[in-house]
Amino acid sequence: MMKALSAYYKDPDIKFKDQEQGETILLLLRRHPITNVWWILMTTALAFLPVVILFGRILPPALDPRLLPVNYIMISILSWYLFVFGFIIISFLDWFFNVDLITNRRLVDMDYVNLLLFKSSETNYSKIEDVSYHVSGLLQSTFNFGNVSFQTAGAQENFDLTEVPNPSGVHDLITDLMTTTSE
């Protein structure tokens with residue numbers, strides 16, 4: 001179970017929709033788990049907000065929600081937590097399903113922009129002209145994550161793997177694959 005939630009998963013035993021015959025996945029990448037901290041903290045704050053409003057006496061007496069009928073308060077709280085639960089689900093799915101796959105033949109970027117829009121891009125290693133990575137800031141340096149960028153030939157769009165773990169290792173793997181596939 002824990003490997004399924006991994007952000008840096010070597011040799012995963014999975015298949016994807018457009019996988020070719022004889023193609024194997026060498027590395028599955030997601031954004032580093034530390035990038036989820038912002039929405040987890042936001043969820044915690046949102047979860048405690050009704051308690052603070054009801055019992056914290058932060059609103060003026062004229063706007064005190066305890067003056068409303070109990071049914072209104074209950075419906076408001078249930079609606080609020082339904083919103084918070086939806087926020088949790090969408091944030092987790094955004095992290096879990098936006099993956100980058102490094103195979104023995106190509107690089108595949110799969111993005112779910114929202115629940116109804118899926119975008120997939122791919123490039124062969126022979127079309128990659130330049131690979132670079134950068135780690136910037138204290139957080140990225142401490143937790144060893146950053147961005148890996150690929151310049152591709154022609155009209156094909158450039159690739160950016162954002163906030164992936166071990167960007168130097170990803171860079172080295174891609175450059176090794178570029179040299180072995182060109183030979």
# chains A, B, ... in the order shown; residues from 1 in each chain; ligands from 1
>>> residues_around(residues="stretch 14-17 of chain A", least_positions_apart="2", cutoff="12 Å", atoms="only C-alpha atoms", output="list in words")
Lys3, Ala4, Tyr9, Lys10, Asp11, Pro12, Gln19, Glu20, Gln21, Gly22, Glu23, Thr24, Ile25, Leu26, Leu27, Leu28, Phe97, Val99, Asp100, Leu101, Ile102, Thr103, Val108, Asp109, Met110 and Ser120 of chain A
>>> residues_around(residues="A:Ser136", least_positions_apart="6", cutoff="12 Å", atoms="only C-alpha atoms", output="MDAnalysis selection string")
chainID A and resid 142:148 163 167
>>> residues_around(residues="A:Asp172", least_positions_apart="6", cutoff="12 Å", atoms="only C-alpha atoms", output="ChimeraX atom specification")
/A:131-133,148,166,178-179
>>> write_last_selection(atoms="C-alpha atoms", output="mmCIF file, in the first residue's frame")
data_model
loop_
_atom_site.group_PDB
_atom_site.id
_atom_site.type_symbol
_atom_site.label_atom_id
_atom_site.label_comp_id
_atom_site.auth_asym_id
_atom_site.auth_seq_id
_atom_site.Cartn_x
_atom_site.Cartn_y
_atom_site.Cartn_z
ATOM 1 C CA VAL A 131 17.923 18.139 -19.566
ATOM 2 C CA SER A 132 18.393 20.389 -16.563
ATOM 3 C CA TYR A 133 17.237 20.389 -12.976
ATOM 4 C CA VAL A 148 13.509 18.781 -13.963
ATOM 5 C CA ASN A 166 15.579 13.438 -6.090
ATOM 6 C CA MET A 178 19.174 9.440 -23.847
ATOM 7 C CA THR A 179 22.645 7.998 -24.530
#
>>> select_by_dssp(residues="stretch 69-109 of chain A", states="alpha helix (DSSP H)", output="list of chain:residue names")
A:Val70, A:Asn71, A:Tyr72, A:Ile73, A:Met74, A:Ile75, A:Ser76, A:Ile77, A:Leu78, A:Ser79, A:Trp80, A:Tyr81, A:Leu82, A:Phe83, A:Val84, A:Phe85, A:Gly86, A:Phe87, A:Ile88, A:Ile89, A:Ile90, A:Ser91, A:Phe92, A:Leu93, A:Asp94, A:Trp95, A:Phe96, A:Phe97
>>> closest_residue(among="A:Val51, A:Ile128, A:Asp94, A:His32", to="A:Asn114", atoms="only C-alpha atoms")
A:Asp94
>>> closest_residue(among="A:Tyr81, A:Leu68, A:Ser76, A:Gln140", to="A:Phe48", atoms="only C-alpha atoms")
A:Tyr81
>>> atom_distance(atom1="atom CA of A:His171", atom2="atom CA of A:Val113")
25.2 Å
>>> atom_distance(atom1="atom CA of A:Pro50", atom2="atom CA of A:Phe85")
14.2 Å
>>> residues_around(residues="A:Glu129", least_positions_apart="2", cutoff="8 Å", atoms="only C-alpha atoms", output="JSON, numbers by chain")
{"A": [126, 127, 131, 150, 151, 152, 153]}
>>> write_last_selection(atoms="C-alpha atoms", output="mmCIF file, in the first residue's frame")
data_model
loop_
_atom_site.group_PDB
_atom_site.id
_atom_site.type_symbol
_atom_site.label_atom_id
_atom_site.label_comp_id
_atom_site.auth_asym_id
_atom_site.auth_seq_id
_atom_site.Cartn_x
_atom_site.Cartn_y
_atom_site.Cartn_z
ATOM 1 C CA SER A 126 15.777 10.933 -29.163
ATOM 2 C CA LYS A 127 13.780 14.194 -29.273
ATOM 3 C CA VAL A 131 17.923 18.139 -19.566
ATOM 4 C CA PHE A 150 13.505 19.025 -20.824
ATOM 5 C CA GLN A 151 14.058 20.942 -24.043
ATOM 6 C CA THR A 152 12.617 19.007 -26.957
ATOM 7 C CA ALA A 153 13.251 19.270 -30.673
#
>>> select_by_dssp(residues="stretch 18-149 of chain A", states="strand (DSSP E)", output="ChimeraX atom specification")
/A:25-29,99-103,106-114,117-124,128-134,145-149
>>> write_last_selection(atoms="N, CA and C atoms", output="compact mmCIF listing (two decimals), in the first residue's frame")
# COMPACT_ATOMS: atom_id res chain seq x y z
N ILE A 25 8.08 0.38 -17.35
CA ILE A 25 8.17 1.61 -16.57
C ILE A 25 9.34 1.48 -15.62
N LEU A 26 10.27 2.42 -15.72
CA LEU A 26 11.44 2.42 -14.85
C LEU A 26 11.21 3.23 -13.58
N LEU A 27 10.43 4.31 -13.72
CA LEU A 27 10.25 5.21 -12.58
C LEU A 27 8.91 5.93 -12.70
N LEU A 28 8.15 5.92 -11.61
CA LEU A 28 6.91 6.68 -11.52
C LEU A 28 7.16 7.83 -10.56
N LEU A 29 6.83 9.04 -10.99
CA LEU A 29 7.08 10.23 -10.17
C LEU A 29 5.79 11.00 -9.90
N VAL A 99 0.91 12.16 -12.59
CA VAL A 99 2.15 11.37 -12.52
C VAL A 99 2.99 11.58 -13.77
N ASP A 100 4.27 11.33 -13.59
CA ASP A 100 5.22 11.31 -14.69
C ASP A 100 5.84 9.92 -14.72
N LEU A 101 5.90 9.34 -15.91
CA LEU A 101 6.45 8.00 -16.06
C LEU A 101 7.70 8.06 -16.92
N ILE A 102 8.74 7.45 -16.42
CA ILE A 102 9.96 7.31 -17.21
C ILE A 102 10.04 5.84 -17.58
N THR A 103 9.92 5.57 -18.87
CA THR A 103 9.96 4.19 -19.34
C THR A 103 11.28 3.95 -20.06
N ARG A 106 10.44 6.14 -23.51
CA ARG A 106 9.96 7.52 -23.59
C ARG A 106 9.63 8.07 -22.21
N LEU A 107 9.32 9.36 -22.23
CA LEU A 107 8.89 10.08 -21.04
C LEU A 107 7.41 10.42 -21.22
N VAL A 108 6.59 10.08 -20.23
CA VAL A 108 5.14 10.31 -20.32
C VAL A 108 4.70 11.16 -19.14
N ASP A 109 3.97 12.23 -19.42
CA ASP A 109 3.44 13.13 -18.40
C ASP A 109 1.92 13.03 -18.45
N MET A 110 1.30 12.58 -17.36
CA MET A 110 -0.16 12.44 -17.29
C MET A 110 -0.69 13.40 -16.24
N ASP A 111 -1.56 14.31 -16.68
CA ASP A 111 -2.11 15.32 -15.79
C ASP A 111 -3.63 15.30 -15.82
N TYR A 112 -4.22 15.24 -14.65
CA TYR A 112 -5.65 15.46 -14.51
C TYR A 112 -5.79 16.90 -14.06
N VAL A 113 -6.24 17.76 -14.97
CA VAL A 113 -6.35 19.18 -14.67
C VAL A 113 -7.49 19.40 -13.67
N ASN A 114 -8.58 18.70 -13.86
CA ASN A 114 -9.67 18.65 -12.89
C ASN A 114 -10.34 17.29 -13.05
N LEU A 117 -11.04 16.66 -16.95
CA LEU A 117 -10.09 16.97 -18.01
C LEU A 117 -8.77 16.26 -17.77
N PHE A 118 -8.41 15.38 -18.71
CA PHE A 118 -7.17 14.62 -18.64
C PHE A 118 -6.28 15.04 -19.80
N LYS A 119 -5.00 15.24 -19.50
CA LYS A 119 -4.03 15.64 -20.53
C LYS A 119 -2.82 14.73 -20.42
N SER A 120 -2.39 14.17 -21.53
CA SER A 120 -1.22 13.31 -21.55
C SER A 120 -0.26 13.81 -22.62
N SER A 121 1.02 13.88 -22.26
CA SER A 121 2.06 14.29 -23.20
C SER A 121 3.18 13.27 -23.11
N GLU A 122 3.87 13.09 -24.22
CA GLU A 122 4.98 12.15 -24.22
C GLU A 122 6.04 12.61 -25.21
N THR A 123 7.25 12.14 -24.98
CA THR A 123 8.32 12.41 -25.92
C THR A 123 9.32 11.26 -25.86
N ASN A 124 9.88 10.96 -27.01
CA ASN A 124 10.93 9.95 -27.08
C ASN A 124 12.24 10.58 -26.64
N ILE A 128 14.73 14.65 -27.09
CA ILE A 128 15.16 15.51 -25.98
C ILE A 128 16.55 16.05 -26.30
N GLU A 129 16.67 17.37 -26.30
CA GLU A 129 17.95 18.02 -26.61
C GLU A 129 18.73 18.40 -25.37
N ASP A 130 18.03 18.77 -24.31
CA ASP A 130 18.71 19.24 -23.11
C ASP A 130 17.89 18.88 -21.89
N VAL A 131 18.57 18.46 -20.84
CA VAL A 131 17.92 18.14 -19.57
C VAL A 131 18.60 18.96 -18.48
N SER A 132 17.82 19.63 -17.68
CA SER A 132 18.39 20.39 -16.56
C SER A 132 17.47 20.23 -15.35
N TYR A 133 18.05 20.43 -14.19
CA TYR A 133 17.24 20.39 -12.98
C TYR A 133 17.66 21.53 -12.07
N HIS A 134 16.73 21.96 -11.24
CA HIS A 134 17.08 22.97 -10.26
C HIS A 134 16.32 22.76 -8.96
N PHE A 145 13.94 17.92 -3.24
CA PHE A 145 13.02 17.87 -4.36
C PHE A 145 13.19 19.14 -5.18
N GLY A 146 12.77 19.08 -6.43
CA GLY A 146 12.92 20.23 -7.31
C GLY A 146 12.28 19.95 -8.66
N ASN A 147 12.67 20.73 -9.64
CA ASN A 147 12.09 20.65 -10.98
C ASN A 147 13.13 20.11 -11.97
N VAL A 148 12.66 19.29 -12.89
CA VAL A 148 13.51 18.78 -13.96
C VAL A 148 12.88 19.27 -15.26
N SER A 149 13.67 19.93 -16.11
CA SER A 149 13.16 20.52 -17.35
C SER A 149 13.82 19.85 -18.55
>>> closest_residue(among="A:Phe55, A:Tyr125, A:Asp18, A:Leu115", to="A:Ile89", atoms="only C-alpha atoms")
A:Leu115
>>> decode(residues="stretch 88-173 of chain A", atoms="C-alpha atoms", output="PDB file, in the first residue's frame")
ATOM      1  CA  ILE A  88      -9.618  16.987   0.732  1.00  0.00           C
ATOM      2  CA  ILE A  89     -10.669  14.601  -2.037  1.00  0.00           C
ATOM      3  CA  ILE A  90      -9.794  16.986  -4.872  1.00  0.00           C
ATOM      4  CA  SER A  91      -6.433  17.927  -3.325  1.00  0.00           C
ATOM      5  CA  PHE A  92      -5.458  14.288  -2.802  1.00  0.00           C
ATOM      6  CA  LEU A  93      -6.588  13.209  -6.265  1.00  0.00           C
ATOM      7  CA  ASP A  94      -4.637  16.098  -7.797  1.00  0.00           C
ATOM      8  CA  TRP A  95      -1.482  14.825  -6.120  1.00  0.00           C
ATOM      9  CA  PHE A  96      -2.120  11.105  -6.642  1.00  0.00           C
ATOM     10  CA  PHE A  97      -3.149  11.057 -10.311  1.00  0.00           C
ATOM     11  CA  ASN A  98      -0.769  13.665 -11.755  1.00  0.00           C
ATOM     12  CA  VAL A  99       2.145  11.367 -12.516  1.00  0.00           C
ATOM     13  CA  ASP A 100       5.222  11.309 -14.691  1.00  0.00           C
ATOM     14  CA  LEU A 101       6.445   8.005 -16.063  1.00  0.00           C
ATOM     15  CA  ILE A 102       9.962   7.307 -17.207  1.00  0.00           C
ATOM     16  CA  THR A 103       9.957   4.189 -19.344  1.00  0.00           C
ATOM     17  CA  ASN A 104      12.696   2.421 -21.263  1.00  0.00           C
ATOM     18  CA  ARG A 105      11.447   4.134 -24.461  1.00  0.00           C
ATOM     19  CA  ARG A 106       9.959   7.524 -23.592  1.00  0.00           C
ATOM     20  CA  LEU A 107       8.891  10.080 -21.036  1.00  0.00           C
ATOM     21  CA  VAL A 108       5.139  10.305 -20.315  1.00  0.00           C
ATOM     22  CA  ASP A 109       3.435  13.130 -18.403  1.00  0.00           C
ATOM     23  CA  MET A 110      -0.156  12.440 -17.292  1.00  0.00           C
ATOM     24  CA  ASP A 111      -2.111  15.324 -15.788  1.00  0.00           C
ATOM     25  CA  TYR A 112      -5.653  15.460 -14.506  1.00  0.00           C
ATOM     26  CA  VAL A 113      -6.354  19.183 -14.668  1.00  0.00           C
ATOM     27  CA  ASN A 114      -9.674  18.653 -12.893  1.00  0.00           C
ATOM     28  CA  LEU A 115     -12.080  15.759 -12.472  1.00  0.00           C
ATOM     29  CA  LEU A 116     -13.226  15.947 -16.091  1.00  0.00           C
ATOM     30  CA  LEU A 117     -10.087  16.975 -18.013  1.00  0.00           C
ATOM     31  CA  PHE A 118      -7.170  14.624 -18.639  1.00  0.00           C
ATOM     32  CA  LYS A 119      -4.034  15.640 -20.529  1.00  0.00           C
ATOM     33  CA  SER A 120      -1.222  13.309 -21.551  1.00  0.00           C
ATOM     34  CA  SER A 121       2.057  14.286 -23.201  1.00  0.00           C
ATOM     35  CA  GLU A 122       4.981  12.151 -24.222  1.00  0.00           C
ATOM     36  CA  THR A 123       8.324  12.409 -25.918  1.00  0.00           C
ATOM     37  CA  ASN A 124      10.935   9.945 -27.079  1.00  0.00           C
ATOM     38  CA  TYR A 125      14.428  10.278 -25.669  1.00  0.00           C
ATOM     39  CA  SER A 126      15.777  10.933 -29.163  1.00  0.00           C
ATOM     40  CA  LYS A 127      13.780  14.194 -29.273  1.00  0.00           C
ATOM     41  CA  ILE A 128      15.157  15.512 -25.982  1.00  0.00           C
ATOM     42  CA  GLU A 129      17.952  18.016 -26.607  1.00  0.00           C
ATOM     43  CA  ASP A 130      18.715  19.245 -23.113  1.00  0.00           C
ATOM     44  CA  VAL A 131      17.923  18.139 -19.566  1.00  0.00           C
ATOM     45  CA  SER A 132      18.393  20.389 -16.563  1.00  0.00           C
ATOM     46  CA  TYR A 133      17.237  20.389 -12.976  1.00  0.00           C
ATOM     47  CA  HIS A 134      17.076  22.974 -10.265  1.00  0.00           C
ATOM     48  CA  VAL A 135      16.549  22.900  -6.544  1.00  0.00           C
ATOM     49  CA  SER A 136      15.853  26.287  -5.031  1.00  0.00           C
ATOM     50  CA  GLY A 137      15.123  27.411  -1.536  1.00  0.00           C
ATOM     51  CA  LEU A 138      15.490  25.973   1.925  1.00  0.00           C
ATOM     52  CA  LEU A 139      12.474  23.666   1.710  1.00  0.00           C
ATOM     53  CA  GLN A 140      13.539  22.048  -1.577  1.00  0.00           C
ATOM     54  CA  SER A 141      17.159  21.730  -0.425  1.00  0.00           C
ATOM     55  CA  THR A 142      16.168  20.205   2.907  1.00  0.00           C
ATOM     56  CA  PHE A 143      13.758  17.647   1.469  1.00  0.00           C
ATOM     57  CA  ASN A 144      15.661  17.035  -1.811  1.00  0.00           C
ATOM     58  CA  PHE A 145      13.019  17.869  -4.365  1.00  0.00           C
ATOM     59  CA  GLY A 146      12.919  20.227  -7.314  1.00  0.00           C
ATOM     60  CA  ASN A 147      12.088  20.649 -10.985  1.00  0.00           C
ATOM     61  CA  VAL A 148      13.509  18.781 -13.963  1.00  0.00           C
ATOM     62  CA  SER A 149      13.165  20.515 -17.354  1.00  0.00           C
ATOM     63  CA  PHE A 150      13.505  19.025 -20.824  1.00  0.00           C
ATOM     64  CA  GLN A 151      14.058  20.942 -24.043  1.00  0.00           C
ATOM     65  CA  THR A 152      12.617  19.007 -26.957  1.00  0.00           C
ATOM     66  CA  ALA A 153      13.251  19.270 -30.673  1.00  0.00           C
ATOM     67  CA  GLY A 154      10.763  20.775 -33.081  1.00  0.00           C
ATOM     68  CA  ALA A 155       7.259  21.974 -32.377  1.00  0.00           C
ATOM     69  CA  GLN A 156       6.742  19.566 -29.504  1.00  0.00           C
ATOM     70  CA  GLU A 157       6.162  21.233 -26.154  1.00  0.00           C
ATOM     71  CA  ASN A 158       8.890  21.225 -23.533  1.00  0.00           C
ATOM     72  CA  PHE A 159       8.501  19.040 -20.474  1.00  0.00           C
ATOM     73  CA  ASP A 160       8.736  20.118 -16.873  1.00  0.00           C
ATOM     74  CA  LEU A 161       8.579  17.666 -14.012  1.00  0.00           C
ATOM     75  CA  THR A 162       7.667  19.889 -11.081  1.00  0.00           C
ATOM     76  CA  GLU A 163       8.530  19.328  -7.434  1.00  0.00           C
ATOM     77  CA  VAL A 164       9.742  15.744  -7.945  1.00  0.00           C
ATOM     78  CA  PRO A 165      11.876  13.927  -5.367  1.00  0.00           C
ATOM     79  CA  ASN A 166      15.579  13.438  -6.090  1.00  0.00           C
ATOM     80  CA  PRO A 167      15.801  15.682  -9.175  1.00  0.00           C
ATOM     81  CA  SER A 168      19.499  14.924  -9.666  1.00  0.00           C
ATOM     82  CA  GLY A 169      18.747  11.192  -9.804  1.00  0.00           C
ATOM     83  CA  VAL A 170      15.945  11.793 -12.312  1.00  0.00           C
ATOM     84  CA  HIS A 171      18.304  13.953 -14.373  1.00  0.00           C
ATOM     85  CA  ASP A 172      20.980  11.235 -14.351  1.00  0.00           C
ATOM     86  CA  LEU A 173      18.483   8.522 -15.324  1.00  0.00           C
TER      87      LEU A 173
END
